[in-house]
>>> print(open('entry.cif').read())   # mmCIF, N, CA and C atoms
data_work
#
loop_
_atom_site.label_atom_id
_atom_site.label_comp_id
_atom_site.auth_asym_id
_atom_site.auth_seq_id
_atom_site.Cartn_x
_atom_site.Cartn_y
_atom_site.Cartn_z
N MET A 230 75.76 60.58 113.78
CA MET A 230 76.64 61.47 114.52
C MET A 230 78.05 61.45 113.93
N ASN A 231 78.55 60.27 113.58
CA ASN A 231 79.89 60.16 113.01
C ASN A 231 79.99 60.89 111.68
N LYS A 232 78.93 60.82 110.88
CA LYS A 232 78.95 61.51 109.59
C LYS A 232 79.04 63.02 109.78
N ILE A 233 78.36 63.53 110.78
CA ILE A 233 78.41 64.97 111.07
C ILE A 233 79.81 65.37 111.51
N MET A 234 80.41 64.56 112.37
CA MET A 234 81.77 64.85 112.85
C MET A 234 82.78 64.82 111.70
N ILE A 235 82.63 63.85 110.82
CA ILE A 235 83.53 63.77 109.67
C ILE A 235 83.35 64.98 108.77
N LEU A 236 82.11 65.37 108.54
CA LEU A 236 81.83 66.54 107.72
C LEU A 236 82.43 67.80 108.34
N ILE A 237 82.29 67.95 109.65
CA ILE A 237 82.86 69.11 110.34
C ILE A 237 84.38 69.08 110.24
N LEU A 238 84.97 67.91 110.45
CA LEU A 238 86.42 67.77 110.38
C LEU A 238 86.94 68.11 108.99
N VAL A 239 86.28 67.61 107.97
CA VAL A 239 86.68 67.91 106.59
C VAL A 239 86.56 69.41 106.32
N SER A 240 85.50 70.02 106.80
CA SER A 240 85.31 71.46 106.61
C SER A 240 86.40 72.27 107.29
N VAL A 241 86.76 71.86 108.51
CA VAL A 241 87.81 72.57 109.24
C VAL A 241 89.15 72.43 108.53
N ILE A 242 89.47 71.22 108.09
CA ILE A 242 90.73 71.00 107.37
C ILE A 242 90.77 71.81 106.09
N ALA A 243 89.68 71.81 105.35
CA ALA A 243 89.62 72.57 104.10
C ALA A 243 89.78 74.06 104.35
N SER A 244 89.15 74.56 105.40
CA SER A 244 89.27 76.00 105.68
C SER A 244 90.67 76.35 106.14
N CYS A 245 91.33 75.45 106.87
CA CYS A 245 92.71 75.70 107.30
C CYS A 245 93.64 75.73 106.10
N SER A 246 93.45 74.79 105.17
CA SER A 246 94.28 74.76 103.97
C SER A 246 94.05 76.02 103.15
N SER A 247 92.80 76.41 103.03
CA SER A 247 92.46 77.62 102.29
C SER A 247 93.07 78.85 102.95
N ALA A 248 93.02 78.91 104.27
CA ALA A 248 93.59 80.05 104.99
C ALA A 248 95.10 80.11 104.80
N ALA A 249 95.75 78.95 104.82
CA ALA A 249 97.20 78.93 104.62
C ALA A 249 97.56 79.41 103.23
N MET A 250 96.78 79.00 102.23
CA MET A 250 97.03 79.44 100.86
C MET A 250 96.83 80.95 100.73
N LYS A 251 95.76 81.46 101.34
CA LYS A 251 95.50 82.90 101.28
C LYS A 251 96.60 83.68 101.97
N GLU A 252 97.09 83.15 103.09
CA GLU A 252 98.17 83.82 103.81
C GLU A 252 99.42 83.89 102.94
N ALA A 253 99.75 82.81 102.28
CA ALA A 253 100.92 82.79 101.41
C ALA A 253 100.73 83.77 100.25
N ASP A 254 99.51 83.81 99.70
CA ASP A 254 99.23 84.71 98.59
C ASP A 254 99.29 86.17 99.00
N SER A 255 98.94 86.45 100.24
CA SER A 255 98.86 87.84 100.66
C SER A 255 100.10 88.31 101.42
N LEU A 256 101.16 87.52 101.39
CA LEU A 256 102.38 87.97 102.05
C LEU A 256 102.77 89.34 101.51
N ASN A 257 103.19 90.17 102.38
CA ASN A 257 103.60 91.51 102.03
C ASN A 257 104.76 91.45 101.03
N GLN A 258 104.59 92.07 99.89
CA GLN A 258 105.62 92.04 98.85
C GLN A 258 106.92 92.68 99.32
N LYS A 259 106.81 93.71 100.14
CA LYS A 259 108.02 94.34 100.67
C LYS A 259 108.79 93.37 101.55
N THR A 260 108.08 92.61 102.36
CA THR A 260 108.73 91.62 103.22
C THR A 260 109.42 90.56 102.38
N LEU A 261 108.75 90.08 101.35
CA LEU A 261 109.37 89.09 100.46
C LEU A 261 110.62 89.66 99.81
N TYR A 262 110.53 90.90 99.36
CA TYR A 262 111.67 91.57 98.72
C TYR A 262 112.85 91.67 99.69
N LYS A 263 112.58 92.16 100.89
CA LYS A 263 113.66 92.34 101.87
C LYS A 263 114.24 91.00 102.31
N ASN A 264 113.40 89.98 102.44
CA ASN A 264 113.90 88.65 102.79
C ASN A 264 114.79 88.09 101.68
N TRP A 265 114.42 88.36 100.43
CA TRP A 265 115.23 87.93 99.29
C TRP A 265 116.59 88.62 99.34
N VAL A 266 116.59 89.93 99.57
CA VAL A 266 117.85 90.68 99.64
C VAL A 266 118.73 90.14 100.76
N LEU A 267 118.16 89.89 101.92
CA LEU A 267 118.92 89.34 103.04
C LEU A 267 119.51 87.98 102.67
N SER A 268 118.72 87.13 102.05
CA SER A 268 119.21 85.81 101.66
C SER A 268 120.34 85.90 100.65
N ARG A 269 120.20 86.80 99.68
CA ARG A 269 121.25 86.98 98.68
C ARG A 269 122.51 87.55 99.30
N CYS A 270 122.35 88.46 100.23
CA CYS A 270 123.50 89.04 100.93
C CYS A 270 124.24 87.95 101.70
N LEU A 271 123.50 87.12 102.41
CA LEU A 271 124.13 86.03 103.16
C LEU A 271 124.85 85.07 102.22
N ALA A 272 124.27 84.81 101.07
CA ALA A 272 124.93 83.95 100.08
C ALA A 272 126.24 84.56 99.60
N ALA A 273 126.27 85.88 99.52
CA ALA A 273 127.47 86.57 99.03
C ALA A 273 128.60 86.57 100.05
N ILE A 274 128.28 86.46 101.33
CA ILE A 274 129.33 86.60 102.35
C ILE A 274 129.89 85.28 102.86
N VAL A 275 129.20 84.18 102.61
CA VAL A 275 129.68 82.90 103.15
C VAL A 275 130.58 82.19 102.16
N ASP A 276 131.54 81.45 102.70
CA ASP A 276 132.44 80.66 101.87
C ASP A 276 132.00 79.20 101.76
N ASP A 277 131.34 78.71 102.80
CA ASP A 277 130.92 77.31 102.84
C ASP A 277 129.88 77.05 101.75
N LYS A 278 130.12 76.04 100.92
CA LYS A 278 129.25 75.76 99.78
C LYS A 278 127.83 75.39 100.21
N LYS A 279 127.69 74.62 101.29
CA LYS A 279 126.35 74.23 101.75
C LYS A 279 125.57 75.44 102.24
N GLN A 280 126.23 76.32 102.99
CA GLN A 280 125.56 77.52 103.48
C GLN A 280 125.19 78.45 102.33
N LYS A 281 126.09 78.57 101.37
CA LYS A 281 125.83 79.42 100.20
C LYS A 281 124.63 78.89 99.43
N LYS A 282 124.59 77.58 99.19
CA LYS A 282 123.47 76.97 98.47
C LYS A 282 122.17 77.16 99.23
N ASP A 283 122.22 77.00 100.55
CA ASP A 283 121.03 77.21 101.38
C ASP A 283 120.51 78.64 101.24
N ALA A 284 121.41 79.60 101.28
CA ALA A 284 121.00 81.01 101.16
C ALA A 284 120.42 81.29 99.77
N PHE A 285 121.02 80.73 98.72
CA PHE A 285 120.48 80.90 97.37
C PHE A 285 119.11 80.22 97.24
N ASN A 286 118.97 79.03 97.82
CA ASN A 286 117.67 78.34 97.79
C ASN A 286 116.61 79.17 98.49
N THR A 287 116.98 79.76 99.61
CA THR A 287 116.05 80.60 100.37
C THR A 287 115.63 81.80 99.54
N ALA A 288 116.60 82.44 98.90
CA ALA A 288 116.28 83.59 98.03
C ALA A 288 115.33 83.16 96.91
N SER A 289 115.59 82.01 96.32
CA SER A 289 114.73 81.52 95.24
C SER A 289 113.30 81.30 95.72
N ALA A 290 113.16 80.79 96.94
CA ALA A 290 111.83 80.55 97.48
C ALA A 290 111.06 81.86 97.63
N TYR A 291 111.73 82.90 98.09
CA TYR A 291 111.05 84.20 98.22
C TYR A 291 110.70 84.77 96.85
N LEU A 292 111.58 84.61 95.89
CA LEU A 292 111.33 85.11 94.54
C LEU A 292 110.12 84.41 93.92
N GLU A 293 110.02 83.11 94.13
CA GLU A 293 108.94 82.32 93.54
C GLU A 293 107.56 82.76 94.00
N VAL A 294 107.43 83.19 95.25
CA VAL A 294 106.10 83.56 95.75
C VAL A 294 105.81 85.05 95.61
N SER A 295 106.77 85.80 95.13
CA SER A 295 106.57 87.23 94.96
C SER A 295 105.87 87.54 93.65
N ASN A 296 105.18 88.65 93.64
CA ASN A 296 104.53 89.14 92.42
C ASN A 296 105.34 90.25 91.75
N LEU A 297 106.47 90.59 92.33
CA LEU A 297 107.29 91.68 91.80
C LEU A 297 108.11 91.21 90.60
N PRO A 298 108.42 92.12 89.68
CA PRO A 298 109.28 91.76 88.56
C PRO A 298 110.69 91.41 89.03
N VAL A 299 111.33 90.50 88.34
CA VAL A 299 112.69 90.07 88.68
C VAL A 299 113.64 91.26 88.68
N GLU A 300 113.41 92.22 87.82
CA GLU A 300 114.28 93.39 87.73
C GLU A 300 114.34 94.16 89.04
N TYR A 301 113.26 94.17 89.79
CA TYR A 301 113.25 94.85 91.09
C TYR A 301 114.25 94.20 92.04
N PHE A 302 114.29 92.88 92.00
CA PHE A 302 115.21 92.15 92.87
C PHE A 302 116.65 92.41 92.45
N LEU A 303 116.89 92.35 91.16
CA LEU A 303 118.25 92.56 90.66
C LEU A 303 118.75 93.97 90.93
N ALA A 304 117.83 94.93 91.02
CA ALA A 304 118.21 96.32 91.29
C ALA A 304 118.84 96.49 92.67
N SER A 305 118.67 95.53 93.54
CA SER A 305 119.23 95.63 94.90
C SER A 305 120.69 95.21 94.98
N GLU A 306 121.22 94.61 93.93
CA GLU A 306 122.59 94.07 93.96
C GLU A 306 123.63 95.15 94.26
N THR A 307 123.50 96.31 93.67
CA THR A 307 124.48 97.38 93.90
C THR A 307 124.47 97.82 95.36
N LEU A 308 123.29 98.02 95.90
CA LEU A 308 123.17 98.42 97.31
C LEU A 308 123.74 97.33 98.22
N MET A 309 123.46 96.08 97.89
CA MET A 309 123.99 94.97 98.67
C MET A 309 125.51 95.00 98.67
N GLN A 310 126.12 95.20 97.53
CA GLN A 310 127.58 95.25 97.45
C GLN A 310 128.14 96.44 98.23
N GLN A 311 127.42 97.54 98.23
CA GLN A 311 127.86 98.70 99.02
C GLN A 311 127.92 98.35 100.50
N PHE A 312 126.91 97.67 100.99
CA PHE A 312 126.89 97.29 102.41
C PHE A 312 127.97 96.25 102.71
N ILE A 313 128.15 95.30 101.83
CA ILE A 313 129.17 94.26 102.05
C ILE A 313 130.57 94.87 102.09
N SER A 314 130.78 95.92 101.33
CA SER A 314 132.12 96.52 101.27
C SER A 314 132.42 97.47 102.43
N LEU A 315 131.43 97.73 103.28
CA LEU A 315 131.67 98.60 104.44
C LEU A 315 132.69 97.97 105.38
N GLU A 316 133.46 98.80 106.05
CA GLU A 316 134.43 98.33 107.04
C GLU A 316 133.82 98.45 108.42
N TYR A 317 133.64 97.33 109.09
CA TYR A 317 133.09 97.29 110.44
C TYR A 317 134.18 96.89 111.41
N GLN A 318 134.12 97.46 112.60
CA GLN A 318 135.03 97.09 113.68
C GLN A 318 134.22 96.91 114.94
N GLY A 319 134.74 96.12 115.83
CA GLY A 319 134.06 95.91 117.10
C GLY A 319 135.07 95.74 118.21
N SER A 320 134.57 95.45 119.38
CA SER A 320 135.46 95.28 120.53
C SER A 320 136.23 93.97 120.46
N ILE A 321 135.80 93.07 119.57
CA ILE A 321 136.55 91.84 119.34
C ILE A 321 137.00 91.82 117.89
N SER A 322 138.12 91.18 117.64
CA SER A 322 138.62 91.13 116.27
C SER A 322 137.84 90.07 115.49
N GLY A 323 137.76 90.28 114.21
CA GLY A 323 137.07 89.33 113.35
C GLY A 323 136.21 90.04 112.33
N SER A 324 135.49 89.25 111.57
CA SER A 324 134.62 89.83 110.54
C SER A 324 133.23 90.09 111.11
N PHE A 325 132.53 90.97 110.45
CA PHE A 325 131.16 91.33 110.85
C PHE A 325 130.25 91.30 109.62
N ASN A 326 130.49 90.33 108.74
CA ASN A 326 129.75 90.27 107.49
C ASN A 326 128.26 90.02 107.70
N THR A 327 127.90 89.17 108.64
CA THR A 327 126.49 88.93 108.92
C THR A 327 125.80 90.21 109.37
N LYS A 328 126.49 91.00 110.17
CA LYS A 328 125.95 92.29 110.63
C LYS A 328 125.69 93.21 109.44
N LYS A 329 126.56 93.17 108.46
CA LYS A 329 126.38 94.01 107.27
C LYS A 329 125.06 93.65 106.57
N CYS A 330 124.79 92.35 106.47
CA CYS A 330 123.56 91.91 105.82
C CYS A 330 122.33 92.28 106.65
N ILE A 331 122.44 92.13 107.96
CA ILE A 331 121.32 92.50 108.83
C ILE A 331 121.08 94.01 108.77
N ASP A 332 122.16 94.78 108.76
CA ASP A 332 122.03 96.24 108.65
C ASP A 332 121.40 96.63 107.32
N LEU A 333 121.77 95.94 106.24
CA LEU A 333 121.16 96.19 104.94
C LEU A 333 119.66 95.91 105.01
N PHE A 334 119.29 94.79 105.59
CA PHE A 334 117.89 94.39 105.71
C PHE A 334 117.05 95.47 106.40
N GLY A 335 117.60 96.07 107.45
CA GLY A 335 116.87 97.08 108.21
C GLY A 335 117.12 98.51 107.78
N SER A 336 117.81 98.69 106.67
CA SER A 336 118.24 100.04 106.28
C SER A 336 117.14 100.85 105.60
N LYS A 337 117.26 102.16 105.78
CA LYS A 337 116.38 103.09 105.06
C LYS A 337 116.69 103.05 103.58
N GLU A 338 117.95 102.80 103.24
CA GLU A 338 118.33 102.73 101.83
C GLU A 338 117.57 101.62 101.10
N LEU A 339 117.44 100.47 101.74
CA LEU A 339 116.70 99.37 101.10
C LEU A 339 115.21 99.70 101.03
N ASP A 340 114.68 100.28 102.09
CA ASP A 340 113.27 100.71 102.07
C ASP A 340 113.04 101.73 100.96
N ASN A 341 113.94 102.69 100.84
CA ASN A 341 113.81 103.72 99.80
C ASN A 341 113.89 103.11 98.41
N LEU A 342 114.80 102.16 98.21
CA LEU A 342 114.92 101.49 96.92
C LEU A 342 113.62 100.77 96.58
N TYR A 343 113.08 100.04 97.54
CA TYR A 343 111.82 99.33 97.31
C TYR A 343 110.71 100.30 96.92
N HIS A 344 110.58 101.38 97.66
CA HIS A 344 109.52 102.35 97.38
C HIS A 344 109.73 103.03 96.03
N GLU A 345 110.97 103.29 95.68
CA GLU A 345 111.27 103.89 94.37
C GLU A 345 110.88 102.94 93.23
N LEU A 346 111.19 101.67 93.40
CA LEU A 346 110.88 100.68 92.36
C LEU A 346 109.39 100.43 92.22
N THR A 347 108.66 100.52 93.30
CA THR A 347 107.24 100.12 93.28
C THR A 347 106.26 101.28 93.19
N LYS A 348 106.76 102.49 93.05
CA LYS A 348 105.81 103.62 92.98
C LYS A 348 105.16 103.73 91.62
#
>>> encode(input="entry.cif", output="structure tokens")
Amino acid sequence: MNKIMILILVSVIASCSSAAMKEADSLNQKTLYKNWVLSRCLAAIVDDKKQKKDAFNTASAYLEVSNLPVEYFLASETLMQQFISLEYQGSISGSFNTKKCIDLFGSKELDNLYHELTK
């Protein structure tokens, strides 16, 4: 009975590991691309060295698991700078740089760029 339980347990663990690998392999390339752009944008707007390094590390992680050419990622830099240079105002004074990056992430412009690059 113990041998059967061990065999079942090993099979379950192996299938879970396999499923996790397949999930990572099948991540939507558009999602990886947009997450990379968001991470790079956040790296561009922060002054704190630890936060900047964290954002760059995050971008690198998305790039590593993507199947897209590096040139596709670099093509987003101009659009990112356009969003960062926008002037935002709100009911409270201060900067809204994080909002700029979030708006870029959800923008039609970024979606259009991705579709243009990948067609």
>>> resolve_selection(input="entry.cif", expression="the PyMOL selection byres ((chain A and resi 266) around 8)", output="number ranges by chain")
A: 260-265, 267-272, 288, 302, 305-306, 309, 330, 333-334
>>> closest_residue(input="entry.cif", among="A:Asn286, A:Asp276, A:Gly319, A:Leu342", to="Ala304 of chain A", atoms="all atoms listed in the file")
A:Leu342
>>> select_by_dssp(input="entry.cif", residues="segment 247-336 of chain A", states="helix (DSSP H, G or I)", output="PyMOL selection string")
chain A and resi 247-254+258-274+278-294+299-303+306-313+326-334
>>> closest_residue(input="entry.cif", among="A:His344, A:Lys329, A:Lys279, A:Ser336", to="Ser314 of chain A", atoms="all atoms listed in the file")
A:Lys329
>>> closest_residue(input="entry.cif", among="A:Ala273, A:Ala290, A:Val299, A:Leu339", to="Lys259 of chain A", atoms="only C-alpha atoms")
A:Leu339
>>> axis_aligned_box(input="entry.cif", around="segment 291-304 of chain A", padding_each_side="8 Å", output="AutoDock Vina command-line options")
--center_x 111.7 --center_y 89.4 --center_z 93.0 --size_x 30.3 --size_y 30.2 --size_z 26.5
